[in-house]
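Structure file entry-v8.cif (mmCIF, C-alpha atoms) is printed below.
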data_protein
loop_
_atom_site.label_atom_id
_atom_site.label_comp_id
_atom_site.auth_asym_id
_atom_site.auth_seq_id
_atom_site.Cartn_x
_atom_site.Cartn_y
_atom_site.Cartn_z
CA MET A 1 220.17 -24.39 209.26
CA THR A 2 218.37 -25.75 212.30
CA PHE A 3 218.27 -23.93 215.61
CA GLU A 4 220.45 -26.64 217.16
CA GLU A 5 223.07 -26.21 214.40
CA PHE A 6 222.99 -22.47 214.98
CA LEU A 7 223.56 -22.98 218.72
CA ASN A 8 226.50 -25.32 218.09
CA GLN A 9 228.16 -22.71 215.87
CA ARG A 10 227.26 -19.40 217.52
CA LEU A 11 226.55 -19.91 221.25
CA THR A 12 230.11 -19.32 222.49
CA PRO A 13 230.67 -16.18 220.35
CA LEU A 14 227.29 -14.80 221.49
CA LEU A 15 228.19 -15.42 225.14
CA ARG A 16 231.58 -13.74 224.72
CA TYR A 17 229.99 -10.74 223.00
CA ALA A 18 227.35 -10.45 225.74
CA THR A 19 230.01 -10.81 228.44
CA VAL A 20 231.94 -7.88 227.05
CA LEU A 21 228.72 -5.83 226.86
CA THR A 22 227.57 -6.64 230.39
CA CYS A 23 230.99 -7.04 232.05
CA ASP A 24 229.49 -9.97 233.96
CA PRO A 25 229.39 -13.59 232.71
CA ALA A 26 226.26 -14.41 234.74
CA GLN A 27 224.35 -11.44 233.32
CA ALA A 28 225.63 -12.33 229.85
CA GLN A 29 224.23 -15.84 230.18
CA ASP A 30 220.85 -14.46 231.27
CA LEU A 31 220.87 -11.97 228.40
CA VAL A 32 221.74 -14.59 225.78
CA GLN A 33 219.22 -17.03 227.22
CA ASP A 34 216.44 -14.43 226.98
CA VAL A 35 217.35 -13.71 223.36
CA LEU A 36 217.70 -17.35 222.37
CA GLU A 37 214.30 -18.20 223.86
CA ARG A 38 212.70 -15.56 221.63
CA ALA A 39 214.82 -16.57 218.63
CA GLN A 40 213.85 -20.22 218.96
CA ARG A 41 210.15 -19.34 218.85
CA LYS A 42 210.75 -17.37 215.63
CA TRP A 43 213.41 -19.69 214.17
CA ALA A 44 211.29 -20.69 211.15
CA ARG A 45 211.64 -17.09 209.94
CA ILE A 46 215.11 -16.28 211.34
CA GLY A 47 216.67 -19.49 210.01
CA ARG A 48 215.70 -18.56 206.44
CA MET A 49 217.54 -15.23 206.59
CA ASP A 50 220.82 -14.71 204.74
CA LEU A 51 222.65 -13.89 208.00
CA PRO A 52 220.78 -15.37 210.96
CA ALA A 53 223.85 -14.93 213.21
CA ALA A 54 223.92 -11.19 212.53
CA TYR A 55 220.19 -10.95 213.26
CA VAL A 56 220.52 -12.80 216.57
CA LYS A 57 223.57 -10.71 217.52
CA ARG A 58 221.50 -7.59 216.85
CA MET A 59 218.82 -9.08 219.10
CA VAL A 60 221.48 -9.43 221.84
CA THR A 61 222.54 -5.80 221.37
CA ASN A 62 218.96 -4.54 221.48
CA GLU A 63 218.15 -6.69 224.48
CA PHE A 64 221.24 -5.38 226.29
CA LEU A 65 220.22 -1.79 225.62
CA SER A 66 216.63 -2.32 226.81
CA TRP A 67 217.50 -4.90 229.47
CA ARG A 68 219.78 -2.47 231.26
CA ARG A 69 216.85 -0.04 231.53
CA ARG A 70 214.66 -2.68 233.20
CA ARG A 71 217.18 -3.90 235.74
CA ALA A 72 218.55 -1.94 238.68
CA ASP A 73 222.08 -0.75 238.06
CA LEU A 74 224.16 -2.68 240.51
CA ALA A 75 227.87 -2.28 240.96
CA VAL A 76 229.31 -4.31 238.12
CA PRO A 77 231.96 -6.67 239.42
CA VAL A 78 235.16 -6.53 237.42
CA THR A 79 235.57 -10.01 236.08
CA THR A 80 237.54 -11.39 233.21
CA LEU A 81 236.52 -13.50 230.28
CA ASP A 82 238.43 -16.41 231.85
CA ALA A 83 235.14 -18.17 232.58
CA LEU A 84 234.62 -18.51 228.82
CA THR A 85 238.18 -19.13 227.73
CA PRO A 86 240.72 -21.68 228.88
CA PRO A 87 243.16 -20.37 231.47
CA LEU A 88 246.45 -19.17 230.02
CA ALA A 89 249.74 -18.18 231.56
CA ASP A 90 249.08 -14.45 231.85
CA PRO A 91 251.74 -12.01 233.05
CA THR A 92 250.60 -9.76 235.89
CA ALA A 93 250.81 -6.60 233.80
CA LEU A 94 248.36 -8.01 231.27
CA VAL A 95 245.96 -9.04 234.03
CA ASP A 96 246.13 -5.53 235.47
CA GLN A 97 245.52 -4.00 232.04
CA ARG A 98 242.59 -6.33 231.38
CA ALA A 99 241.03 -5.53 234.77
CA ALA A 100 241.48 -1.80 234.17
CA LEU A 101 239.97 -2.10 230.69
CA LEU A 102 236.92 -4.04 231.90
CA ASP A 103 236.51 -1.64 234.83
CA GLY A 104 236.59 1.30 232.41
CA ILE A 105 234.08 -0.36 230.08
CA ALA A 106 231.78 -1.18 233.01
CA ARG A 107 231.60 2.52 233.97
CA LEU A 108 230.40 3.68 230.55
CA PRO A 109 226.75 4.46 229.86
CA ARG A 110 225.04 1.64 227.95
CA LYS A 111 225.09 3.21 224.46
CA GLN A 112 228.74 4.27 224.78
CA ARG A 113 229.62 0.80 226.05
CA ALA A 114 227.82 -0.87 223.14
CA ALA A 115 229.54 1.45 220.63
CA VAL A 116 232.99 0.76 222.13
CA VAL A 117 232.42 -3.00 222.19
CA LEU A 118 231.16 -3.02 218.61
CA ARG A 119 234.16 -0.93 217.47
CA TYR A 120 237.03 -2.54 219.35
CA TYR A 121 235.75 -6.05 220.12
CA GLU A 122 233.72 -6.71 216.98
CA GLY A 123 235.79 -4.50 214.63
CA LEU A 124 232.82 -2.70 213.05
CA ASP A 125 233.08 0.69 211.37
CA ASP A 126 230.92 3.75 212.15
CA THR A 127 228.24 2.89 209.59
CA GLU A 128 227.92 -0.71 210.77
CA ILE A 129 227.76 0.39 214.41
CA ALA A 130 225.15 3.02 213.54
CA THR A 131 223.03 0.34 211.87
CA GLU A 132 223.43 -1.96 214.87
CA LEU A 133 222.50 0.76 217.39
CA GLY A 134 219.87 2.50 215.26
CA CYS A 135 221.57 5.89 215.22
CA SER A 136 223.66 8.02 212.84
CA PRO A 137 227.40 7.52 212.18
CA GLY A 138 227.98 10.95 213.75
CA THR A 139 226.32 9.78 216.95
CA VAL A 140 228.56 6.70 216.92
CA ARG A 141 231.65 8.91 216.62
CA SER A 142 230.31 11.01 219.48
CA HIS A 143 229.79 7.92 221.67
CA ILE A 144 233.30 6.63 220.88
CA SER A 145 234.86 10.03 221.52
CA ALA A 146 233.01 10.53 224.80
CA ALA A 147 234.10 7.07 225.95
CA SER A 148 237.77 7.67 225.13
CA PRO A 149 240.06 8.83 227.91
CA PRO A 150 241.67 12.25 227.45
CA CYS A 151 245.09 12.26 225.84
CA ALA A 152 248.05 12.35 228.17
CA PRO A 153 249.85 15.71 228.19
CA ARG A 154 252.94 15.86 226.06
CA SER A 155 256.25 16.43 227.80
#
Starting from the coordinates I provided, produce the structure as structure tokens.
Amino acid sequence: MTFEEFLNQRLTPLLRYATVLTCDPAQAQDLVQDVLERAQRKWARIGRMDLPAAYVKRMVTNEFLSWRRRRADLAVPVTTLDALTPPLADPTALVDQRAALLDGIARLPRKQRAAVVLRYYEGLDDTEIATELGCSPGTVRSHISAASPPCAPRS
């Protein structure tokens, strides 16, 4: 697979993944661009891997985790993924829920945010998330638990 073929197949999913991680489409584009520049230089090796898409996605995750350390934490604007998806007729309640969800994700510390995105957006289990983040499955469960809102009191 050439680098151009890879881009044709995986650019949009990488941008969506990065947008959910960063909660900002502009930052997601910068993040993916940084990763793809490095990946292109090493494509002779990456392209021969069994799962080059998984490797590049891991590069995006790692870059997000280290990139956030290098950049000043600015207030993350609550935006939607509408910039990457065609506009749909969306009832107001769903828009409010989406905004609240993205606002909640944006407030999480970077490792908790990455764990939540990998669990609920990518559908990975604890072991897969642990591999992606370079930690233990117990730490993943801890991140997910700490990121979860408290249960509503029963009436």
Resolved residues for the PyMOL selection byres ((chain A and resi 121-137) around 9) as a list in words: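 With the PyMOL selection byres ((chain A and resi 121-137) around 9) on this model, the match is Tyr17, Val20, Arg58, Thr61, Asn62, Leu65, Lys111, Ala114, Ala115, Val116, Val117, Leu118, Arg119, Tyr120, Gly138, Thr139, Val140, Arg141 and Ser142 of chain A.
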Target residues per the PyMOL selection byres ((chain A and resi 108) around 12), formatted as JSON, numbers by chain: {"A": [21, 22, 23, 76, 101, 102, 103, 104, 105, 106, 107, 109, 110, 111, 112, 113, 114, 115, 116, 117, 143, 144, 145, 146, 147, 148, 149]}
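When the PyMOL selection byres ((chain A and resi 43-57) around 10) is evaluated against the file, it yields A:Met1, A:Thr2, A:Phe3, A:Phe6, A:Leu7, A:Gln9, A:Arg10, A:Leu11, A:Pro13, A:Leu14, A:Tyr17, A:Ala18, A:Val32, A:Val35, A:Leu36, A:Glu37, A:Arg38, A:Ala39, A:Gln40, A:Arg41, A:Lys42, A:Arg58, A:Met59, A:Val60, A:Thr61, A:Asn62, A:Glu63, A:Glu132.
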Interatomic distance (Å, one decimal) between CA of Asp96 (chain A) and CA of Thr12 (chain A):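 Separating CA of Asp96 (chain A) from CA of Thr12 (chain A) is a distance of 24.8 Å.
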Atom-to-atom span, CA of Phe64 (chain A) and CA of Ala28 (chain A), Å: 9.0 Å
Interatomic distance, CA of Ser66 (chain A) to CA of Gln97 (chain A) (Å, one decimal): 29.4 Å
Would you place a box with edges along x, y and z of the file around all atoms of region 126-132 of chain A listed there, add 8 Å to each of its six sides, and report the centre and edge lengths in Å to one decimal, as JSON?
{"center_x": 227.0, "center_y": 0.9, "center_z": 212.2, "size_x": 23.9, "size_y": 21.7, "size_z": 21.3}
